>>> print(open('work-v5.cif').read())   # mmCIF, C-alpha atoms
data_target
loop_
_atom_site.label_atom_id
_atom_site.label_comp_id
_atom_site.auth_asym_id
_atom_site.auth_seq_id
_atom_site.Cartn_x
_atom_site.Cartn_y
_atom_site.Cartn_z
CA MET A 83 -140.45 -223.34 13.28
CA ARG A 84 -139.43 -225.69 16.11
CA ILE A 85 -142.20 -226.67 18.51
CA ALA A 86 -140.55 -229.45 20.55
CA GLY A 87 -136.77 -229.59 20.74
CA LYS A 88 -135.64 -230.03 17.12
CA LYS A 89 -139.10 -231.16 15.99
CA THR A 90 -140.80 -228.67 13.67
CA ILE A 91 -144.31 -227.77 12.57
CA GLU A 92 -143.68 -229.72 9.38
CA ASP A 93 -142.69 -232.79 11.42
CA TRP A 94 -145.91 -232.53 13.42
CA LYS A 95 -148.04 -232.23 10.29
CA LYS A 96 -146.54 -235.46 8.98
CA ILE A 97 -147.25 -237.46 12.13
CA GLU A 98 -150.65 -235.79 12.65
CA SER A 99 -151.79 -236.98 9.20
CA LYS A 100 -151.22 -240.57 10.35
CA LEU A 101 -153.13 -240.29 13.63
CA ASN A 102 -156.54 -241.80 14.27
CA SER A 103 -157.88 -241.36 17.79
CA GLN A 104 -159.34 -244.88 17.77
CA ILE A 105 -156.27 -246.66 16.39
CA ASP A 106 -153.15 -247.06 18.53
CA GLU A 107 -150.62 -246.87 15.69
CA ASN A 108 -148.31 -243.81 15.74
CA TRP A 109 -149.49 -242.49 19.10
CA GLU A 110 -146.28 -243.33 20.94
CA GLU A 111 -144.36 -241.38 18.30
CA ALA A 112 -146.84 -238.50 18.51
CA PHE A 113 -146.50 -238.25 22.27
CA LYS A 114 -142.76 -237.65 21.90
CA TYR A 115 -143.66 -234.11 20.78
CA PHE A 116 -145.32 -233.48 24.13
CA ASP A 117 -142.53 -235.25 26.02
CA VAL A 118 -139.79 -233.15 24.45
CA ARG A 119 -141.73 -229.88 24.69
CA ILE A 120 -142.50 -230.36 28.40
CA LYS A 121 -139.04 -231.70 29.23
CA THR A 122 -137.08 -228.89 27.60
CA ARG A 123 -139.40 -226.04 28.61
CA TYR A 124 -140.38 -227.13 32.10
CA LEU A 125 -138.96 -230.31 33.62
CA ASP A 126 -135.27 -229.75 32.87
CA PRO A 127 -135.26 -226.11 34.08
CA ILE A 128 -137.25 -226.97 37.21
CA ASN A 129 -135.01 -229.88 38.16
CA LEU A 130 -131.85 -227.84 37.53
CA ILE A 131 -133.10 -225.19 39.95
CA LEU A 132 -134.04 -227.85 42.52
CA LYS A 133 -130.51 -229.24 42.35
CA MET A 134 -129.06 -225.86 43.41
CA LYS A 135 -130.01 -226.58 47.03
CA THR A 136 -129.01 -223.08 48.15
CA ASN A 137 -132.40 -222.38 49.77
CA THR A 138 -132.10 -218.63 49.16
CA GLY A 139 -135.40 -218.10 47.36
CA GLU A 140 -135.07 -220.25 44.26
CA GLY A 141 -138.23 -222.08 45.34
CA PHE A 142 -140.28 -219.14 44.04
CA ALA A 143 -138.87 -219.66 40.53
CA VAL A 144 -139.65 -223.39 40.78
CA VAL A 145 -143.28 -222.85 41.82
CA ASN A 146 -143.72 -220.15 39.19
CA LEU A 147 -142.74 -222.70 36.52
CA GLN A 148 -144.93 -225.35 38.19
CA CYS A 149 -147.94 -223.03 37.96
CA SER A 150 -147.33 -222.52 34.25
CA LEU A 151 -146.95 -226.28 33.86
CA ILE A 152 -150.32 -226.82 35.57
CA GLU A 153 -152.03 -224.55 33.03
CA THR A 154 -150.26 -226.32 30.18
CA LEU A 155 -151.23 -229.80 31.40
CA GLU A 156 -154.86 -228.90 32.03
CA SER A 157 -155.19 -227.22 28.64
CA PHE A 158 -153.75 -230.28 26.86
CA ILE A 159 -156.04 -232.65 28.75
CA ASN A 160 -159.08 -230.52 27.86
CA GLY A 161 -157.94 -229.54 24.36
CA CYS A 162 -158.47 -225.85 25.03
CA SER A 163 -156.48 -222.71 24.24
CA SER A 164 -156.43 -219.27 25.81
CA SER A 165 -157.87 -216.14 24.27
CA PHE A 166 -158.33 -212.66 25.68
CA ASN A 167 -161.93 -211.42 25.86
CA LYS A 168 -161.58 -207.68 25.20
CA LYS A 169 -165.15 -206.92 26.22
CA LYS A 170 -164.85 -208.68 29.59
CA ARG A 171 -161.12 -207.84 29.83
CA LYS A 172 -160.10 -211.28 30.99
CA ASN A 173 -158.52 -214.46 29.70
CA GLU A 174 -160.78 -217.35 28.63
CA TRP A 175 -160.08 -220.93 27.52
CA LYS A 176 -161.93 -222.30 24.52
CA LYS A 177 -162.14 -225.53 22.56
CA ASN A 178 -163.43 -225.17 18.99
CA ASN A 179 -164.77 -221.73 19.96
CA ASN A 180 -166.74 -223.28 22.84
CA LEU A 181 -166.01 -221.96 26.32
CA VAL A 182 -164.29 -224.50 28.61
CA PHE A 183 -162.94 -222.26 31.39
CA LYS A 184 -164.19 -218.73 32.02
CA SER A 185 -160.89 -217.71 33.60
CA ASN A 186 -157.39 -218.90 34.51
CA LYS A 187 -158.68 -219.46 38.02
CA GLU A 188 -161.01 -222.21 36.75
CA ILE A 189 -158.01 -224.04 35.27
CA PHE A 190 -156.59 -224.45 38.79
CA GLU A 191 -159.95 -225.38 40.28
CA SER A 192 -160.33 -228.12 37.67
CA PHE A 193 -156.76 -229.31 38.14
CA PHE A 194 -156.89 -229.77 41.91
CA ASN A 195 -160.44 -231.19 41.83
CA LYS A 196 -159.87 -233.76 39.08
CA ARG A 197 -156.21 -234.73 38.60
CA TYR A 198 -154.46 -237.62 40.33
CA PRO A 199 -152.48 -237.62 42.61
CA PHE A 200 -153.70 -234.17 43.72
CA ILE A 201 -157.28 -235.34 44.29
CA ASN A 202 -155.93 -237.89 46.79
CA TYR A 203 -154.14 -235.39 49.02
CA PHE A 204 -155.13 -235.98 52.64
CA GLN A 205 -155.37 -232.22 53.04
CA LYS A 206 -156.91 -230.79 49.87
CA ILE A 207 -155.59 -227.79 47.95
CA ASP A 208 -158.24 -225.19 47.15
CA GLY A 209 -157.65 -224.33 43.49
CA ASN A 210 -159.06 -220.82 43.85
CA ASP A 211 -156.88 -220.10 46.89
CA PHE A 212 -153.81 -221.54 45.15
CA TYR A 213 -154.46 -219.48 42.01
CA GLU A 214 -154.88 -216.18 43.83
CA ASN A 215 -152.29 -216.50 46.59
CA VAL A 216 -149.61 -218.68 44.99
CA ARG A 217 -149.81 -218.43 41.18
CA CYS A 218 -150.78 -214.76 40.84
CA SER A 219 -148.85 -213.55 43.86
CA ILE A 220 -145.60 -215.18 42.77
CA LEU A 221 -146.04 -214.10 39.15
CA HIS A 222 -146.79 -210.46 39.94
CA GLU A 223 -145.12 -209.82 43.30
CA THR A 224 -142.52 -212.59 43.83
CA GLN A 225 -144.20 -213.69 47.03
CA THR A 226 -147.00 -215.86 48.34
CA LYS A 227 -149.95 -214.50 50.36
CA LYS A 228 -152.64 -215.59 52.81
CA ASP A 229 -150.44 -217.96 54.85
CA TRP A 230 -148.93 -219.88 51.91
CA VAL A 231 -145.34 -221.01 52.45
CA ILE A 232 -142.92 -222.66 50.01
CA ARG A 233 -140.38 -225.06 51.48
CA LYS A 234 -137.82 -227.50 50.25
CA ASN A 235 -138.42 -231.02 51.52
CA ILE A 236 -137.56 -231.17 55.17
CA ILE A 237 -139.75 -234.19 55.88
CA ASP A 238 -139.01 -237.79 54.96
CA ASP A 239 -142.35 -238.83 53.51
CA LYS A 240 -143.82 -237.82 50.13
CA THR A 241 -146.12 -235.09 51.46
CA ALA A 242 -146.43 -232.24 48.95
CA PHE A 243 -148.95 -230.09 50.84
CA LYS A 244 -149.55 -229.69 54.54
CA LEU A 245 -151.68 -227.52 56.78
CA GLU A 246 -149.69 -226.62 59.86
CA LYS A 247 -151.32 -224.29 62.37
CA SER A 248 -152.13 -221.22 60.24
CA SER A 249 -149.67 -222.05 57.44
CA LYS A 250 -150.37 -223.76 54.11
CA ILE A 251 -147.05 -225.38 53.22
CA LEU A 252 -146.14 -226.43 49.69
CA TYR A 253 -143.14 -228.77 49.56
CA ARG A 254 -141.79 -227.87 46.15
CA ASP A 255 -139.78 -231.07 45.49
CA ASN A 256 -142.58 -233.48 46.37
CA PHE A 257 -145.06 -231.30 44.48
CA GLN A 258 -142.81 -231.65 41.43
CA ASN A 259 -142.75 -235.44 41.87
CA ASP A 260 -146.56 -235.45 41.81
CA LEU A 261 -146.68 -233.30 38.68
CA GLU A 262 -144.40 -235.80 36.96
CA ILE A 263 -146.66 -238.67 38.11
CA LEU A 264 -149.57 -236.93 36.36
CA ILE A 265 -147.48 -236.46 33.21
CA ASP A 266 -146.62 -240.17 33.23
CA ASN A 267 -150.30 -241.09 33.72
CA TYR A 268 -151.26 -238.78 30.85
CA LYS A 269 -148.66 -240.45 28.63
CA LYS A 270 -150.00 -243.92 29.46
CA ALA A 271 -153.58 -242.80 28.76
CA ILE A 272 -152.66 -241.35 25.35
CA ILE A 273 -150.49 -244.26 24.22
CA ASN A 274 -152.54 -247.12 25.72
CA PHE A 275 -155.95 -245.59 24.86
CA THR A 276 -157.39 -245.36 28.36
CA ASP A 277 -159.55 -242.76 30.11
CA LEU A 278 -157.99 -240.08 32.30
CA ASN A 279 -160.28 -239.11 35.16
CA GLU A 280 -163.51 -237.85 33.53
CA ILE A 281 -161.99 -237.46 30.05
CA ASN A 282 -162.95 -240.22 27.62
CA LYS A 283 -159.97 -241.90 25.91
CA LYS A 284 -161.04 -240.88 22.38
CA GLU A 285 -161.72 -237.32 23.47
CA LEU A 286 -158.35 -237.22 25.22
CA ARG A 287 -156.54 -238.08 21.99
CA ASP A 288 -158.69 -235.66 19.97
CA ASN A 289 -157.83 -232.95 22.51
CA PHE A 290 -154.13 -233.74 22.14
CA ILE A 291 -154.30 -233.24 18.37
CA LEU A 292 -156.39 -230.10 18.75
CA LYS A 293 -153.94 -228.54 21.19
CA PHE A 294 -150.87 -229.27 19.07
CA ASN A 295 -152.58 -227.97 15.94
CA HIS A 296 -153.32 -224.75 17.79
CA ILE A 297 -149.68 -224.49 18.87
CA CYS A 298 -148.60 -224.91 15.25
CA ASN A 299 -151.10 -222.36 13.98
CA GLU A 300 -150.00 -219.79 16.57
CA SER A 301 -146.32 -220.50 15.87
#
>>> encode(input="work-v5.cif", output="structure tokens")
Amino acid sequence: MRIAGKKTIEDWKKIESKLNSQIDENWEEAFKYFDVRIKTRYLDPINLILKMKTNTGEGFAVVNLQCSLIETLESFINGCSSSFNKKKRKNEWKKNNNLVFKSNKEIFESFFNKRYPFINYFQKIDGNDFYENVRCSILHETQTKKDWVIRKNIIDDKTAFKLEKSSKILYRDNFQNDLEILIDNYKKAIINFTDLNEINKKELRDNFILKFNHICNES
């Protein structure tokens, strides 16, 4: 079973057996699994759509993929995986059977409250608002709600989010640039053994292994 481009579960098991979260050896090779998985499943498709430049609604497909990418990134950083709670009838995120996020909404709250460069936005994005009126609305109804607007970049600076009168404007191209900055920072933290926001460097690497092992087990 392929889990990252041509890389298989068997390939991962081989590299995983050589990993030690406190020793740098083999981590650059291990991160290639994440790089390829994210590139082929998210970054390449998103950037191909952005290059269309037809401005006839393709921005909704871009932001839909970006929302899925946000959940993927936050779950890797925290080492958690989703599971459906039948009793409560909602999705939860757990790490080693311990609850990390009570709902998908909390993933977005954590992301916009803790991840650079999003925490440095001059005008902050409310993770709960974004989840309900961008992520869920686009996924289920192919539209945004509550004054959210998706635009291609029509301004010269690197602004990804802007409050303008009653509108909350998401500039899809600049938002994508910021997502890729986070991915690059995550890569540096994993390979160079440094902290990422509030996540300790050892825990970050342990979470990486945990998440990929879960992917392999599910696959």
>>> closest_atom_pairs(input="work-v5.cif", of="region 195-276 of chain A", to="region 99-102 of chain A", cutoff="12 Å", atoms="only C-alpha atoms", output="JSON lines")
{"residue": "A:Ile272", "atom": "CA", "partner": "A:Asn102", "partner_atom": "CA", "distance": 11.7}
{"residue": "A:Ile273", "atom": "CA", "partner": "A:Leu101", "partner_atom": "CA", "distance": 11.6}
{"residue": "A:Phe275", "atom": "CA", "partner": "A:Asn102", "partner_atom": "CA", "distance": 11.3}
>>> resolve_selection(input="work-v5.cif", expression="the PyMOL selection byres ((chain A and resi 110) around 10)", output="number ranges by chain")
A: 106-109, 111-115, 269-270, 272-274
>>> residues_around(input="work-v5.cif", residues="region 220-231 of chain A", least_positions_apart="6", cutoff="10 Å", atoms="all atoms listed in the file", output="PDB file with C-alpha atoms, in the coordinates of the input")
ATOM      1  CA  GLY A 139    -135.400-218.100  47.360  1.00  0.00           C
ATOM      2  CA  PHE A 142    -140.280-219.140  44.040  1.00  0.00           C
ATOM      3  CA  ALA A 143    -138.870-219.660  40.530  1.00  0.00           C
ATOM      4  CA  VAL A 145    -143.280-222.850  41.820  1.00  0.00           C
ATOM      5  CA  ASN A 146    -143.720-220.150  39.190  1.00  0.00           C
ATOM      6  CA  LEU A 147    -142.740-222.700  36.520  1.00  0.00           C
ATOM      7  CA  CYS A 149    -147.940-223.030  37.960  1.00  0.00           C
ATOM      8  CA  SER A 150    -147.330-222.520  34.250  1.00  0.00           C
ATOM      9  CA  ASP A 211    -156.880-220.100  46.890  1.00  0.00           C
ATOM     10  CA  PHE A 212    -153.810-221.540  45.150  1.00  0.00           C
ATOM     11  CA  TYR A 213    -154.460-219.480  42.010  1.00  0.00           C
ATOM     12  CA  GLU A 214    -154.880-216.180  43.830  1.00  0.00           C
ATOM     13  CA  PHE A 243    -148.950-230.090  50.840  1.00  0.00           C
ATOM     14  CA  LYS A 244    -149.550-229.690  54.540  1.00  0.00           C
ATOM     15  CA  LEU A 245    -151.680-227.520  56.780  1.00  0.00           C
ATOM     16  CA  LYS A 247    -151.320-224.290  62.370  1.00  0.00           C
ATOM     17  CA  SER A 248    -152.130-221.220  60.240  1.00  0.00           C
ATOM     18  CA  SER A 249    -149.670-222.050  57.440  1.00  0.00           C
ATOM     19  CA  LYS A 250    -150.370-223.760  54.110  1.00  0.00           C
ATOM     20  CA  ILE A 251    -147.050-225.380  53.220  1.00  0.00           C
ATOM     21  CA  LEU A 252    -146.140-226.430  49.690  1.00  0.00           C
ATOM     22  CA  TYR A 253    -143.140-228.770  49.560  1.00  0.00           C
ATOM     23  CA  ARG A 254    -141.790-227.870  46.150  1.00  0.00           C
TER      24      ARG A 254
END
>>> closest_residue(input="work-v5.cif", among="A:Phe204, A:Trp94, A:Tyr124, A:Phe116", to="Asp266 (chain A)", atoms="all atoms listed in the file")
A:Phe116
>>> closest_residue(input="work-v5.cif", among="A:Gln258, A:Phe166, A:Lys234, A:Lys89", to="Met134 (chain A)", atoms="only C-alpha atoms")
A:Lys234
>>> residues_around(input="work-v5.cif", residues="Ile201 (chain A)", least_positions_apart="6", cutoff="12 Å", atoms="all atoms listed in the file", output="list in words")
Glu191, Ser192, Phe193, Phe194, Asn195, Ile207, Asp208, Gly209, Phe243, Asp260, Leu264 and Asn279 of chain A
>>> atom_distance(input="work-v5.cif", atom1="CA of Arg233 (chain A)", atom2="CA of Pro127 (chain A)")
18.2 Å
>>> decode(input="work-v5.cif", residues="region 161-204 of chain A", atoms="N, CA and C atoms", output="PDB file, in the first residue's frame")
ATOM      1  N   GLY A 161      -0.076  14.877  16.876  1.00  0.00           N
ATOM      2  CA  GLY A 161      -0.014  13.425  16.927  1.00  0.00           C
ATOM      3  C   GLY A 161      -1.347  12.758  17.187  1.00  0.00           C
ATOM      4  N   CYS A 162      -2.431  13.389  16.737  1.00  0.00           N
ATOM      5  CA  CYS A 162      -3.757  12.843  17.022  1.00  0.00           C
ATOM      6  C   CYS A 162      -4.452  12.357  15.747  1.00  0.00           C
ATOM      7  N   SER A 163      -5.429  11.496  15.928  1.00  0.00           N
ATOM      8  CA  SER A 163      -6.185  10.933  14.814  1.00  0.00           C
ATOM      9  C   SER A 163      -7.673  10.999  15.125  1.00  0.00           C
ATOM     10  N   SER A 164      -8.474  11.075  14.084  1.00  0.00           N
ATOM     11  CA  SER A 164      -9.916  11.246  14.276  1.00  0.00           C
ATOM     12  C   SER A 164     -10.616   9.919  14.515  1.00  0.00           C
ATOM     13  N   SER A 165     -11.664   9.984  15.307  1.00  0.00           N
ATOM     14  CA  SER A 165     -12.520   8.822  15.537  1.00  0.00           C
ATOM     15  C   SER A 165     -13.930   9.320  15.813  1.00  0.00           C
ATOM     16  N   PHE A 166     -14.910   8.568  15.354  1.00  0.00           N
ATOM     17  CA  PHE A 166     -16.296   9.000  15.520  1.00  0.00           C
ATOM     18  C   PHE A 166     -16.870   8.437  16.812  1.00  0.00           C
ATOM     19  N   ASN A 167     -17.339   9.328  17.683  1.00  0.00           N
ATOM     20  CA  ASN A 167     -17.967   8.938  18.939  1.00  0.00           C
ATOM     21  C   ASN A 167     -19.454   8.672  18.670  1.00  0.00           C
ATOM     22  N   LYS A 168     -19.831   7.401  18.626  1.00  0.00           N
ATOM     23  CA  LYS A 168     -21.205   7.042  18.281  1.00  0.00           C
ATOM     24  C   LYS A 168     -22.202   7.539  19.323  1.00  0.00           C
ATOM     25  N   LYS A 169     -21.794   7.504  20.580  1.00  0.00           N
ATOM     26  CA  LYS A 169     -22.699   7.930  21.655  1.00  0.00           C
ATOM     27  C   LYS A 169     -22.995   9.425  21.563  1.00  0.00           C
ATOM     28  N   LYS A 170     -21.953  10.222  21.335  1.00  0.00           N
ATOM     29  CA  LYS A 170     -22.123  11.674  21.223  1.00  0.00           C
ATOM     30  C   LYS A 170     -22.428  12.117  19.797  1.00  0.00           C
ATOM     31  N   ARG A 171     -22.276  11.179  18.842  1.00  0.00           N
ATOM     32  CA  ARG A 171     -22.521  11.422  17.423  1.00  0.00           C
ATOM     33  C   ARG A 171     -21.722  12.613  16.890  1.00  0.00           C
ATOM     34  N   LYS A 172     -20.428  12.575  17.170  1.00  0.00           N
ATOM     35  CA  LYS A 172     -19.558  13.619  16.642  1.00  0.00           C
ATOM     36  C   LYS A 172     -18.134  13.090  16.536  1.00  0.00           C
ATOM     37  N   ASN A 173     -17.350  13.776  15.723  1.00  0.00           N
ATOM     38  CA  ASN A 173     -15.961  13.391  15.512  1.00  0.00           C
ATOM     39  C   ASN A 173     -15.077  13.924  16.633  1.00  0.00           C
ATOM     40  N   GLU A 174     -14.147  13.094  17.109  1.00  0.00           N
ATOM     41  CA  GLU A 174     -13.187  13.484  18.135  1.00  0.00           C
ATOM     42  C   GLU A 174     -11.779  13.201  17.633  1.00  0.00           C
ATOM     43  N   TRP A 175     -10.792  13.823  18.276  1.00  0.00           N
ATOM     44  CA  TRP A 175      -9.384  13.610  17.907  1.00  0.00           C
ATOM     45  C   TRP A 175      -8.636  13.125  19.134  1.00  0.00           C
ATOM     46  N   LYS A 176      -8.003  11.955  19.007  1.00  0.00           N
ATOM     47  CA  LYS A 176      -7.342  11.346  20.150  1.00  0.00           C
ATOM     48  C   LYS A 176      -5.885  11.024  19.848  1.00  0.00           C
ATOM     49  N   LYS A 177      -5.097  11.015  20.917  1.00  0.00           N
ATOM     50  CA  LYS A 177      -3.694  10.603  20.856  1.00  0.00           C
ATOM     51  C   LYS A 177      -3.504   9.527  21.911  1.00  0.00           C
ATOM     52  N   ASN A 178      -3.152   8.324  21.489  1.00  0.00           N
ATOM     53  CA  ASN A 178      -3.022   7.194  22.425  1.00  0.00           C
ATOM     54  C   ASN A 178      -4.263   7.046  23.300  1.00  0.00           C
ATOM     55  N   ASN A 179      -5.424   7.156  22.659  1.00  0.00           N
ATOM     56  CA  ASN A 179      -6.733   7.024  23.325  1.00  0.00           C
ATOM     57  C   ASN A 179      -7.052   8.167  24.289  1.00  0.00           C
ATOM     58  N   ASN A 180      -6.192   9.178  24.341  1.00  0.00           N
ATOM     59  CA  ASN A 180      -6.471  10.357  25.162  1.00  0.00           C
ATOM     60  C   ASN A 180      -7.039  11.472  24.282  1.00  0.00           C
ATOM     61  N   LEU A 181      -8.085  12.111  24.767  1.00  0.00           N
ATOM     62  CA  LEU A 181      -8.758  13.142  23.993  1.00  0.00           C
ATOM     63  C   LEU A 181      -7.884  14.391  23.849  1.00  0.00           C
ATOM     64  N   VAL A 182      -7.679  14.839  22.613  1.00  0.00           N
ATOM     65  CA  VAL A 182      -6.920  16.061  22.327  1.00  0.00           C
ATOM     66  C   VAL A 182      -7.864  17.179  21.905  1.00  0.00           C
ATOM     67  N   PHE A 183      -8.756  16.884  20.966  1.00  0.00           N
ATOM     68  CA  PHE A 183      -9.763  17.846  20.515  1.00  0.00           C
ATOM     69  C   PHE A 183     -11.135  17.193  20.586  1.00  0.00           C
ATOM     70  N   LYS A 184     -12.096  17.865  21.196  1.00  0.00           N
ATOM     71  CA  LYS A 184     -13.428  17.313  21.343  1.00  0.00           C
ATOM     72  C   LYS A 184     -14.234  17.359  20.051  1.00  0.00           C
ATOM     73  N   SER A 185     -13.765  18.151  19.089  1.00  0.00           N
ATOM     74  CA  SER A 185     -14.494  18.287  17.830  1.00  0.00           C
ATOM     75  C   SER A 185     -13.566  18.827  16.751  1.00  0.00           C
ATOM     76  N   ASN A 186     -14.011  18.768  15.497  1.00  0.00           N
ATOM     77  CA  ASN A 186     -13.241  19.354  14.400  1.00  0.00           C
ATOM     78  C   ASN A 186     -13.082  20.853  14.589  1.00  0.00           C
ATOM     79  N   LYS A 187     -14.080  21.467  15.178  1.00  0.00           N
ATOM     80  CA  LYS A 187     -14.031  22.914  15.412  1.00  0.00           C
ATOM     81  C   LYS A 187     -12.801  23.280  16.246  1.00  0.00           C
ATOM     82  N   GLU A 188     -12.471  22.468  17.246  1.00  0.00           N
ATOM     83  CA  GLU A 188     -11.329  22.770  18.112  1.00  0.00           C
ATOM     84  C   GLU A 188     -10.002  22.687  17.363  1.00  0.00           C
ATOM     85  N   ILE A 189      -9.956  21.887  16.301  1.00  0.00           N
ATOM     86  CA  ILE A 189      -8.762  21.834  15.453  1.00  0.00           C
ATOM     87  C   ILE A 189      -8.483  23.226  14.888  1.00  0.00           C
ATOM     88  N   PHE A 190      -9.508  23.888  14.379  1.00  0.00           N
ATOM     89  CA  PHE A 190      -9.348  25.203  13.764  1.00  0.00           C
ATOM     90  C   PHE A 190      -9.073  26.281  14.808  1.00  0.00           C
ATOM     91  N   GLU A 191      -9.673  26.151  15.968  1.00  0.00           N
ATOM     92  CA  GLU A 191      -9.387  27.098  17.054  1.00  0.00           C
ATOM     93  C   GLU A 191      -7.925  27.009  17.456  1.00  0.00           C
ATOM     94  N   SER A 192      -7.417  25.792  17.593  1.00  0.00           N
ATOM     95  CA  SER A 192      -6.012  25.589  17.945  1.00  0.00           C
ATOM     96  C   SER A 192      -5.094  26.131  16.853  1.00  0.00           C
ATOM     97  N   PHE A 193      -5.439  25.841  15.613  1.00  0.00           N
ATOM     98  CA  PHE A 193      -4.608  26.244  14.479  1.00  0.00           C
ATOM     99  C   PHE A 193      -4.433  27.755  14.424  1.00  0.00           C
ATOM    100  N   PHE A 194      -5.530  28.493  14.462  1.00  0.00           N
ATOM    101  CA  PHE A 194      -5.438  29.943  14.312  1.00  0.00           C
ATOM    102  C   PHE A 194      -4.961  30.645  15.586  1.00  0.00           C
ATOM    103  N   ASN A 195      -5.016  29.967  16.714  1.00  0.00           N
ATOM    104  CA  ASN A 195      -4.527  30.541  17.971  1.00  0.00           C
ATOM    105  C   ASN A 195      -3.055  30.265  18.235  1.00  0.00           C
ATOM    106  N   LYS A 196      -2.483  29.240  17.544  1.00  0.00           N
ATOM    107  CA  LYS A 196      -1.137  28.788  17.915  1.00  0.00           C
ATOM    108  C   LYS A 196      -0.125  28.745  16.778  1.00  0.00           C
ATOM    109  N   ARG A 197      -0.555  28.704  15.531  1.00  0.00           N
ATOM    110  CA  ARG A 197       0.380  28.470  14.433  1.00  0.00           C
ATOM    111  C   ARG A 197       0.830  29.756  13.747  1.00  0.00           C
ATOM    112  N   TYR A 198       2.149  29.874  13.589  1.00  0.00           N
ATOM    113  CA  TYR A 198       2.736  30.975  12.822  1.00  0.00           C
ATOM    114  C   TYR A 198       2.665  30.621  11.336  1.00  0.00           C
ATOM    115  N   PRO A 199       2.360  31.563  10.452  1.00  0.00           N
ATOM    116  CA  PRO A 199       2.231  33.014  10.660  1.00  0.00           C
ATOM    117  C   PRO A 199       0.828  33.492  11.017  1.00  0.00           C
ATOM    118  N   PHE A 200      -0.113  32.584  11.201  1.00  0.00           N
ATOM    119  CA  PHE A 200      -1.512  32.965  11.418  1.00  0.00           C
ATOM    120  C   PHE A 200      -1.718  33.714  12.735  1.00  0.00           C
ATOM    121  N   ILE A 201      -0.923  33.380  13.749  1.00  0.00           N
ATOM    122  CA  ILE A 201      -1.049  34.079  15.029  1.00  0.00           C
ATOM    123  C   ILE A 201      -0.574  35.528  14.939  1.00  0.00           C
ATOM    124  N   ASN A 202       0.164  35.858  13.879  1.00  0.00           N
ATOM    125  CA  ASN A 202       0.680  37.221  13.721  1.00  0.00           C
ATOM    126  C   ASN A 202      -0.167  38.087  12.797  1.00  0.00           C
ATOM    127  N   TYR A 203      -1.291  37.566  12.336  1.00  0.00           N
ATOM    128  CA  TYR A 203      -2.165  38.382  11.489  1.00  0.00           C
ATOM    129  C   TYR A 203      -2.591  39.628  12.247  1.00  0.00           C
ATOM    130  N   PHE A 204      -2.522  40.771  11.585  1.00  0.00           N
ATOM    131  CA  PHE A 204      -2.927  42.032  12.204  1.00  0.00           C
ATOM    132  C   PHE A 204      -4.402  41.962  12.604  1.00  0.00           C
TER     133      PHE A 204
END
